[in-house]
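Structure file model-v2.txt; described as compact mmCIF, C-alpha atoms.
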```txt
# COMPACT_ATOMS: atom_id res chain seq x y z
CA MET A 1 -12.64 -14.27 36.54
CA GLN A 2 -13.92 -13.21 33.13
CA PHE A 3 -12.44 -10.15 31.40
CA ILE A 4 -12.54 -8.16 28.18
CA HIS A 5 -9.34 -6.74 26.73
CA MET A 6 -9.53 -4.04 24.06
CA ALA A 7 -7.01 -1.52 22.75
CA ASP A 8 -6.44 1.22 20.19
CA VAL A 9 -10.03 2.42 20.08
CA HIS A 10 -8.93 5.83 18.70
CA LEU A 11 -12.10 7.72 19.51
CA GLY A 12 -12.17 10.92 17.48
CA ALA A 13 -10.28 9.46 14.52
CA VAL A 14 -11.68 10.23 11.06
CA PRO A 15 -10.40 7.49 8.76
CA ASP A 16 -10.08 8.22 5.04
CA GLN A 17 -10.60 11.95 5.40
CA GLY A 18 -12.09 13.49 2.27
CA CYS A 19 -13.87 10.30 1.23
CA PRO A 20 -17.69 10.21 1.20
CA TRP A 21 -17.80 7.68 4.05
CA SER A 22 -15.25 9.32 6.42
CA ALA A 23 -17.84 11.07 8.65
CA SER A 24 -19.70 7.78 9.07
CA ARG A 25 -16.48 6.04 10.08
CA GLU A 26 -15.88 8.51 12.92
CA LYS A 27 -19.37 7.77 14.30
CA GLU A 28 -18.97 4.03 13.79
CA ILE A 29 -15.84 3.98 15.96
CA TRP A 30 -17.82 5.52 18.84
CA LYS A 31 -20.77 3.17 18.31
CA THR A 32 -18.57 0.08 18.24
CA PHE A 33 -16.85 1.20 21.44
CA VAL A 34 -20.17 1.82 23.24
CA ARG A 35 -21.58 -1.51 22.05
CA SER A 36 -18.45 -3.41 23.15
CA VAL A 37 -18.36 -1.77 26.58
CA GLN A 38 -22.04 -2.46 27.19
CA LEU A 39 -21.46 -6.10 26.27
CA ALA A 40 -19.20 -6.39 29.32
CA LYS A 41 -22.15 -5.88 31.66
CA LYS A 42 -24.54 -7.95 29.55
CA GLU A 43 -22.16 -10.92 29.64
CA GLU A 44 -21.40 -10.39 33.36
CA VAL A 45 -17.73 -9.71 32.70
CA GLU A 46 -15.90 -8.63 35.84
CA LEU A 47 -12.99 -6.63 34.37
CA LEU A 48 -12.57 -4.40 31.31
CA LEU A 49 -8.97 -3.66 30.28
CA ILE A 50 -8.12 -0.94 27.73
CA ALA A 51 -4.47 -1.06 26.65
CA GLY A 52 -3.90 2.51 25.48
CA ASP A 53 -4.98 4.94 22.75
CA LEU A 54 -8.58 5.12 23.85
CA PHE A 55 -8.54 8.46 22.00
CA HIS A 56 -6.85 9.32 18.72
CA ARG A 57 -5.59 12.63 20.11
CA GLN A 58 -5.86 14.66 23.31
CA PRO A 59 -9.44 14.13 24.52
CA LEU A 60 -11.80 16.96 25.37
CA LEU A 61 -13.34 17.16 28.82
CA ARG A 62 -16.85 16.71 27.41
CA GLN A 63 -15.73 13.54 25.63
CA LEU A 64 -14.28 12.14 28.83
CA ARG A 65 -17.53 12.88 30.67
CA GLU A 66 -19.37 10.75 28.12
CA VAL A 67 -16.85 7.94 28.51
CA ASN A 68 -17.00 8.16 32.30
CA GLU A 69 -20.78 7.95 32.23
CA LEU A 70 -20.55 4.91 29.97
CA PHE A 71 -18.07 3.21 32.29
CA ALA A 72 -20.21 4.03 35.33
CA SER A 73 -23.23 2.46 33.64
CA ILE A 74 -21.58 -0.97 33.53
CA ALA A 75 -20.73 -1.14 37.25
CA PRO A 76 -19.88 -3.39 39.05
CA VAL A 77 -17.58 -4.19 36.09
CA GLN A 78 -14.16 -2.77 36.98
CA VAL A 79 -12.46 -0.71 34.25
CA VAL A 80 -8.68 -0.29 34.12
CA PHE A 81 -7.08 1.75 31.35
CA MET A 82 -4.02 3.77 30.41
CA ALA A 83 -3.02 6.60 28.08
CA GLY A 84 -1.05 5.55 25.01
CA ASN A 85 1.18 7.44 22.62
CA HIS A 86 -1.76 9.11 20.82
CA ASP A 87 -3.65 10.34 23.90
CA TYR A 88 -0.60 10.68 26.15
CA LEU A 89 -0.91 12.58 29.44
CA LYS A 90 0.11 16.18 29.02
CA PRO A 91 0.46 18.22 32.25
CA ASP A 92 -2.90 19.88 31.50
CA SER A 93 -4.56 16.76 30.06
CA ALA A 94 -8.31 16.52 30.51
CA TYR A 95 -7.66 13.01 31.83
CA ARG A 96 -6.34 14.68 34.99
CA LYS A 97 -9.34 16.98 35.42
CA ILE A 98 -12.20 14.54 35.67
CA SER A 99 -13.45 12.71 38.74
CA TRP A 100 -13.73 9.13 37.54
CA ALA A 101 -16.52 6.79 38.63
CA SER A 102 -15.71 4.45 41.52
CA ASN A 103 -15.37 1.44 39.20
CA VAL A 104 -12.87 3.22 36.89
CA HIS A 105 -9.11 3.08 37.44
CA MET A 106 -6.46 4.82 35.34
CA PHE A 107 -2.67 4.90 35.46
CA PHE A 108 -1.53 8.52 35.82
CA LYS A 109 2.27 8.25 35.66
CA GLU A 110 4.97 7.28 33.19
CA GLU A 111 6.44 4.94 35.76
CA PRO A 112 5.27 1.50 36.86
CA GLU A 113 2.34 1.34 39.27
CA VAL A 114 -0.01 -1.38 40.45
CA ILE A 115 -3.78 -1.13 40.92
CA ARG A 116 -5.26 -3.47 43.49
CA LEU A 117 -8.78 -4.74 42.72
CA GLU A 118 -9.58 -6.32 46.03
CA LYS A 119 -13.00 -7.76 45.21
CA LEU A 120 -11.56 -9.49 42.16
CA ASN A 121 -8.43 -10.65 44.01
CA THR A 122 -6.49 -9.08 41.14
CA TRP A 123 -3.43 -6.88 40.71
CA VAL A 124 -3.12 -4.84 37.48
CA TYR A 125 0.32 -3.44 36.66
CA GLY A 126 1.08 -0.68 34.18
CA LEU A 127 1.75 2.97 33.45
CA SER A 128 0.60 5.74 31.09
CA TYR A 129 2.48 7.62 28.42
CA GLU A 130 3.37 11.19 29.31
CA HIS A 131 5.24 11.64 26.01
CA GLN A 132 4.49 10.66 22.43
CA GLU A 133 7.61 8.52 22.31
CA ILE A 134 9.19 6.29 24.96
CA ARG A 135 12.29 4.47 23.83
CA SER A 136 13.10 2.75 27.12
CA PRO A 137 11.89 -0.84 27.74
CA LEU A 138 9.90 0.17 30.83
CA TYR A 139 7.93 -3.07 31.07
CA ALA A 140 11.07 -5.17 31.44
CA ALA A 141 11.38 -3.99 35.05
CA ILE A 142 7.80 -4.86 36.08
CA ARG A 143 7.31 -8.17 37.89
CA PRO A 144 4.37 -9.68 39.81
CA ASN A 145 4.61 -8.90 43.51
CA GLY A 146 4.11 -12.49 44.64
CA GLN A 147 0.87 -11.80 46.50
CA PRO A 148 -2.03 -14.28 46.19
CA GLY A 149 -4.41 -13.48 43.35
CA TYR A 150 -4.34 -12.80 39.63
CA HIS A 151 -1.54 -10.64 38.22
CA ILE A 152 -2.21 -8.81 34.95
CA LEU A 153 0.07 -6.46 33.00
CA LEU A 154 -1.57 -3.71 30.94
CA ALA A 155 0.93 -2.52 28.32
CA HIS A 156 1.13 -0.39 25.18
CA GLY A 157 4.10 -0.57 22.83
CA GLY A 158 6.32 -2.93 20.93
CA ASP A 159 8.50 -0.87 18.58
CA GLU A 160 11.68 1.11 19.08
CA LYS A 161 9.86 4.43 19.62
CA HIS A 162 7.07 3.12 21.82
CA ILE A 163 8.39 1.03 24.72
CA PRO A 164 10.22 -1.80 22.95
CA LEU A 165 9.40 -5.15 24.48
CA LYS A 166 10.25 -8.84 24.23
CA LYS A 167 7.87 -11.61 25.20
CA GLU A 168 10.54 -13.13 27.48
CA GLU A 169 10.41 -9.93 29.56
CA LEU A 170 6.64 -10.26 30.02
CA GLU A 171 6.47 -13.79 31.35
CA GLY A 172 5.31 -14.48 34.89
CA PHE A 173 1.96 -12.69 34.65
CA ASP A 174 -1.32 -14.54 34.48
CA TYR A 175 -2.21 -12.38 31.48
CA VAL A 176 -0.56 -9.54 29.52
CA ALA A 177 -3.02 -7.21 27.76
CA LEU A 178 -1.15 -5.47 24.93
CA GLY A 179 -1.96 -2.48 22.75
CA HIS A 180 -0.34 -0.38 19.99
CA ILE A 181 -0.14 -3.02 17.23
CA HIS A 182 -3.41 -2.81 15.30
CA LYS A 183 -3.43 -6.39 14.05
CA PRO A 184 -4.72 -8.85 16.67
CA GLN A 185 -2.05 -11.42 17.51
CA ALA A 186 -0.69 -13.49 20.37
CA LEU A 187 2.97 -13.43 21.35
CA VAL A 188 2.13 -16.35 23.64
CA PRO A 189 -1.30 -17.94 23.05
CA HIS A 190 -3.83 -17.06 25.78
CA ARG A 191 -1.16 -15.30 27.82
CA ILE A 192 0.52 -12.38 26.03
CA VAL A 193 -1.93 -10.93 23.52
CA TYR A 194 -2.39 -7.88 21.30
CA ALA A 195 -6.12 -7.19 21.02
CA GLY A 196 -5.56 -5.09 17.88
CA ALA A 197 -7.54 -1.99 16.99
CA LEU A 198 -11.23 -2.17 17.84
CA GLU A 199 -12.07 -0.76 14.38
CA PRO A 200 -9.77 -0.62 11.33
CA LEU A 201 -8.35 2.88 10.90
CA ASP A 202 -6.77 2.87 7.44
CA ARG A 203 -6.45 0.68 4.37
CA ASN A 204 -3.46 -1.13 5.88
CA ASP A 205 -5.63 -2.38 8.78
CA GLU A 206 -6.96 -5.37 6.86
CA GLY A 207 -8.32 -8.45 8.59
CA LYS A 208 -10.63 -8.91 11.56
CA HIS A 209 -10.92 -6.28 14.29
CA GLY A 210 -12.57 -6.42 17.68
CA PHE A 211 -11.53 -7.37 21.20
CA VAL A 212 -10.36 -10.28 23.33
CA CYS A 213 -12.59 -12.06 25.81
CA GLY A 214 -10.78 -14.16 28.42
CA ARG A 215 -11.28 -16.23 31.55
CA LEU A 216 -8.83 -16.83 34.37
CA GLU A 217 -9.33 -19.92 36.51
CA GLY A 218 -6.49 -20.73 38.85
CA LYS A 219 -3.34 -20.77 36.74
CA ILE A 220 -5.21 -21.39 33.50
CA CYS A 221 -6.11 -18.58 31.10
CA ARG A 222 -8.28 -19.06 28.03
CA THR A 223 -8.96 -16.32 25.49
CA GLY A 224 -11.00 -15.88 22.35
CA PHE A 225 -11.23 -13.11 19.77
CA ILE A 226 -14.60 -11.39 19.31
CA PRO A 227 -15.07 -9.54 15.97
CA ALA A 228 -16.74 -6.19 16.57
CA ALA A 229 -15.87 -3.82 13.69
CA SER A 230 -18.66 -2.26 11.64
CA ARG A 231 -16.80 -2.94 8.40
CA SER A 232 -13.45 -4.05 7.04
CA TYR A 233 -10.73 -2.97 4.66
CA LEU A 234 -10.31 -5.61 1.98
CA THR A 235 -8.11 -6.10 -1.07
CA LEU A 236 -10.11 -7.12 -4.12
CA GLN A 237 -7.84 -8.69 -6.72
CA ILE A 238 -9.12 -8.68 -10.29
CA THR A 239 -7.32 -10.82 -12.85
CA VAL A 240 -7.60 -9.73 -16.49
CA HIS A 241 -6.47 -11.18 -19.82
CA SER A 242 -5.82 -9.92 -23.32
CA GLN A 243 -9.55 -9.80 -24.17
CA THR A 244 -10.66 -7.88 -21.06
CA THR A 245 -12.24 -4.53 -21.87
CA GLN A 246 -12.81 -1.53 -19.62
CA LEU A 247 -16.50 -2.43 -19.27
CA ALA A 248 -15.64 -6.04 -18.42
CA LEU A 249 -13.18 -4.84 -15.79
CA GLU A 250 -15.81 -2.60 -14.20
CA GLN A 251 -18.29 -5.50 -14.10
CA LYS A 252 -15.69 -7.71 -12.38
CA VAL A 253 -15.17 -5.00 -9.74
CA ARG A 254 -18.92 -4.59 -9.17
CA GLU A 255 -19.38 -8.33 -8.73
CA GLY A 256 -16.40 -8.64 -6.39
CA ILE A 257 -17.70 -5.83 -4.17
CA ARG A 258 -21.17 -7.38 -4.09
CA GLN A 259 -19.78 -10.74 -3.01
CA LYS A 260 -17.53 -9.34 -0.26
CA GLY A 261 -20.05 -6.86 1.14
CA GLU A 262 -20.84 -3.42 -0.22
CA SER A 263 -20.33 -1.67 3.13
CA ASN A 264 -16.68 -2.70 3.25
CA LEU A 265 -13.76 -0.56 2.05
CA PHE A 266 -11.74 -1.79 -0.89
CA ARG A 267 -8.29 -1.61 -2.36
CA ILE A 268 -8.59 -2.74 -6.00
CA LEU A 269 -5.59 -4.66 -7.33
CA ILE A 270 -5.64 -5.40 -11.07
CA LYS A 271 -3.36 -8.24 -12.14
CA GLY A 272 -2.71 -10.19 -15.33
CA PHE A 273 -1.76 -9.45 -18.93
CA ARG A 274 -3.79 -6.98 -20.97
CA ASN A 275 -3.93 -6.24 -24.67
CA PRO A 276 -0.89 -4.05 -25.49
CA ASP A 277 -3.27 -1.49 -27.03
CA MET A 278 -5.42 -1.31 -23.87
CA GLU A 279 -4.90 1.14 -21.01
CA PHE A 280 -7.41 0.78 -18.19
CA ASP A 281 -8.96 3.96 -16.78
CA ASP A 282 -8.85 3.93 -12.96
CA GLU A 283 -11.17 6.90 -12.39
CA PRO A 284 -14.53 5.15 -13.11
CA LEU A 285 -13.65 2.36 -10.70
CA TYR A 286 -13.71 4.74 -7.74
CA HIS A 287 -17.43 5.29 -8.32
CA LEU A 288 -18.31 1.59 -8.01
CA GLY A 289 -18.11 1.38 -4.21
CA ASN A 290 -16.08 2.44 -1.19
CA ILE A 291 -12.75 2.39 -3.03
CA THR A 292 -9.67 3.64 -1.18
CA GLN A 293 -7.08 2.81 -3.86
CA VAL A 294 -6.74 1.33 -7.34
CA ARG A 295 -3.46 -0.30 -8.33
CA ASP A 296 -3.00 -1.45 -11.92
CA GLU A 297 -0.21 -4.03 -12.02
CA THR A 298 -1.12 -5.46 -15.42
CA ARG A 299 1.43 -5.97 -18.17
CA PRO A 300 0.90 -5.94 -21.94
CA CYS A 301 0.49 -9.37 -23.46
CA TYR A 302 2.63 -9.52 -26.60
CA ASP A 303 2.47 -12.15 -29.36
CA VAL A 304 6.06 -13.21 -28.74
CA GLU A 305 6.20 -15.61 -31.71
CA LYS A 306 5.17 -12.85 -34.07
CA LEU A 307 7.56 -10.40 -32.42
CA LYS A 308 10.40 -12.91 -32.65
CA GLU A 309 10.08 -13.03 -36.43
CA GLN A 310 9.49 -9.30 -36.80
CA GLN A 311 12.46 -8.44 -34.58
CA LYS A 312 14.88 -11.07 -35.95
CA GLY A 313 18.46 -9.86 -35.57
CA THR A 314 17.52 -7.15 -33.05
CA LEU A 315 17.98 -7.02 -29.28
CA ILE A 316 14.28 -7.76 -28.81
CA GLY A 317 14.41 -10.82 -31.04
CA ASP A 318 17.54 -12.12 -29.29
CA TYR A 319 15.93 -11.57 -25.89
CA ILE A 320 12.84 -13.58 -26.87
CA ARG A 321 15.01 -16.45 -28.15
CA CYS A 322 16.74 -16.62 -24.76
CA PHE A 323 13.42 -17.76 -23.31
CA GLU A 324 12.70 -20.56 -25.77
CA GLU A 325 11.80 -23.75 -23.91
CA LYS A 326 11.48 -21.81 -20.65
CA ASN A 327 7.87 -22.12 -19.60
CA SER A 328 7.70 -21.68 -15.84
CA PRO A 329 5.39 -18.87 -14.60
CA MET A 330 8.34 -16.86 -13.32
CA GLU A 331 10.23 -17.23 -16.62
CA GLN A 332 7.17 -16.22 -18.62
CA LYS A 333 6.74 -13.12 -16.45
CA ALA A 334 10.39 -12.24 -16.98
CA LEU A 335 9.90 -12.64 -20.73
CA TYR A 336 6.89 -10.31 -20.86
CA TYR A 337 8.41 -7.74 -18.51
CA GLY A 338 11.63 -7.71 -20.49
CA VAL A 339 9.85 -7.37 -23.84
CA GLN A 340 7.78 -4.51 -22.46
CA ALA A 341 10.87 -2.69 -21.24
CA LEU A 342 12.66 -3.16 -24.56
CA MET A 343 9.62 -2.06 -26.57
CA GLU A 344 9.25 1.07 -24.43
CA THR A 345 12.96 1.85 -24.85
CA LYS A 346 12.66 1.39 -28.58
CA GLN A 347 9.81 3.89 -28.71
```

Target encoding structure tokens, full file:
Amino acid sequence: MQFIHMADVHLGAVPDQGCPWSASREKEIWKTFVRSVQLAKKEEVELLLIAGDLFHRQPLLRQLREVNELFASIAPVQVVFMAGNHDYLKPDSAYRKISWASNVHMFFKEEPEVIRLEKLNTWVYGLSYEHQEIRSPLYAAIRPNGQPGYHILLAHGGDEKHIPLKKEELEGFDYVALGHIHKPQALVPHRIVYAGALEPLDRNDEGKHGFVCGRLEGKICRTGFIPAASRSYLTLQITVHSQTTQLALEQKVREGIRQKGESNLFRILIKGFRNPDMEFDDEPLYHLGNITQVRDETRPCYDVEKLKEQQKGTLIGDYIRCFEEKNSPMEQKALYYGVQALMETKQ
């Protein structure tokens, strides 16, 4: 049996609100979701699993009608999903008001249930959030029922406020489809897997994003990660030296963005040692691309030999002499940081 496992789609999210590209990001999340779901039918996948947080907040009925129509369009692919901590099931949730297509199955309780997919000879275990926080390890009590067929756990959580879990408690299933952690990762390769967020949602969501494609054959499960995101958050590190000017810095940023892809979203990290008389201006850098943050971690580069003579008999001079014949990178950093602190104190 071939399946797709996705999680943390967060439809309705507007990443980087206030930035020029934020409206486009909201639309891109929907487009990536639609494209990924349609791929299930194109590739003749038999089961689509969505491990929570399909929506970023409580969904509207009209939004669910669109999703239901999308799911119906990929039949006979079976869709099994749950509500996570973001789109948890309130008593009046729109999730409860829609008549889902015959190939769509949702967990409607905050207690363990099992969905039997007879044609696929598969049992899917899980539950849905009915509160934003669940501190009890609810998945620890769920075990395969021993019936012939494939046994899959659909789960959302992994921290103290959202169903804490341990991989030892999840063993025994043919596959565990996890959600909540936005970085794709495997607790047990091919068996207990976080799909990660389908699209990155903020500047901390660096790395690849997409979904998991897997195949179950007997007792063997094989999975692979399929990148699907429209663009990525990246850190662009720029190293400067004592001769680097503002214009040279801006050119380095432009070139770095061009090489990594202009559609991507960047955190600019400036490192190295600048001329003590130079202070870089962050503001122009934000106009060079999709820049979410600029961090200047440079330090002034002092002529320590000249300072040592000028500051002979002072605390600064004595400090510099403590580092004579100490040339490791860490020691040199300590020297420059210390001199900077002492010079600033002196001023």

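Minimum distance to A:Met6 across A:Val212, A:Val114, A:Ala83, A:Ala101 (counting all atoms listed in the file) occurs at A:Val212.
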
Pick from A:Ser93, A:Ser328, A:Gln63, A:Gln58 nearest to A:Trp30, counting all atoms listed in the file | A:Gln63

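The interatomic distance for the pair atom CA of A:Val176 and atom CA of A:Ile192 works out to 4.6 Å.
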
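Across A:Ser73, A:Val67, A:Phe323, A:Pro200, the tightest approach to A:Lys308 is made by A:Phe323 when counting all atoms listed in the file.
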
Contact residues around stretch 221-235 of chain A with only C-alpha atoms at 7 Å, ignoring same-chain residues under 6 positions, as a PyMOL selection string | chain A and resi 28+32+190-191+198-200+203+205-215+263-269

Report the distance between atom CA of A:Ala195 and atom CA of A:His156 in Å, rounded to one decimal place.
-> 10.8 Å

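Remark: for A:Gly18, the closest of the candidate residues A:Asp277, A:Ala248, A:Thr292, A:Leu60 is A:Thr292 (distances computed over all atoms listed in the file).
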
For A:Gly12, work out the shell of residues within 9 Å, counting all atoms listed in the file and skipping chain neighbours fewer than 3 positions away, then give it as a PyMOL selection string.
-> chain A and resi 26-27+29-30+55-57+59

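The gap separating atom CA of A:Ser136 from atom CA of A:Gly52 is 17.1 Å, in Å to one decimal.
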
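Closest approach to A:Leu165 among A:Tyr194, A:Tyr125, A:Tyr150, A:Tyr139 is made by A:Tyr139 (distances from only C-alpha atoms).
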
Spatial sel., origin (-21.1, -3.9, 38.4), limit 12 Å, only C-alpha atoms, listed as an MDAnalysis selection string = chainID A and resid 38 40:48 71:79 101:104 119:120

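Proximity to A:Asn145 at 12 Å, evaluated using only C-alpha atoms and with sequence-adjacent residues fewer than 6 positions away removed, yields Glu113, Val114, Ile115, Arg116, Thr122, Trp123, Val124, Tyr125, His151, Ile152, Leu153, Gly172 and Phe173 of chain A.
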
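Using all atoms listed in the file, the smallest distance between any of A:Leu70, A:Leu201, A:Leu64, A:Ile50 and A:Val34 comes from A:Leu70.
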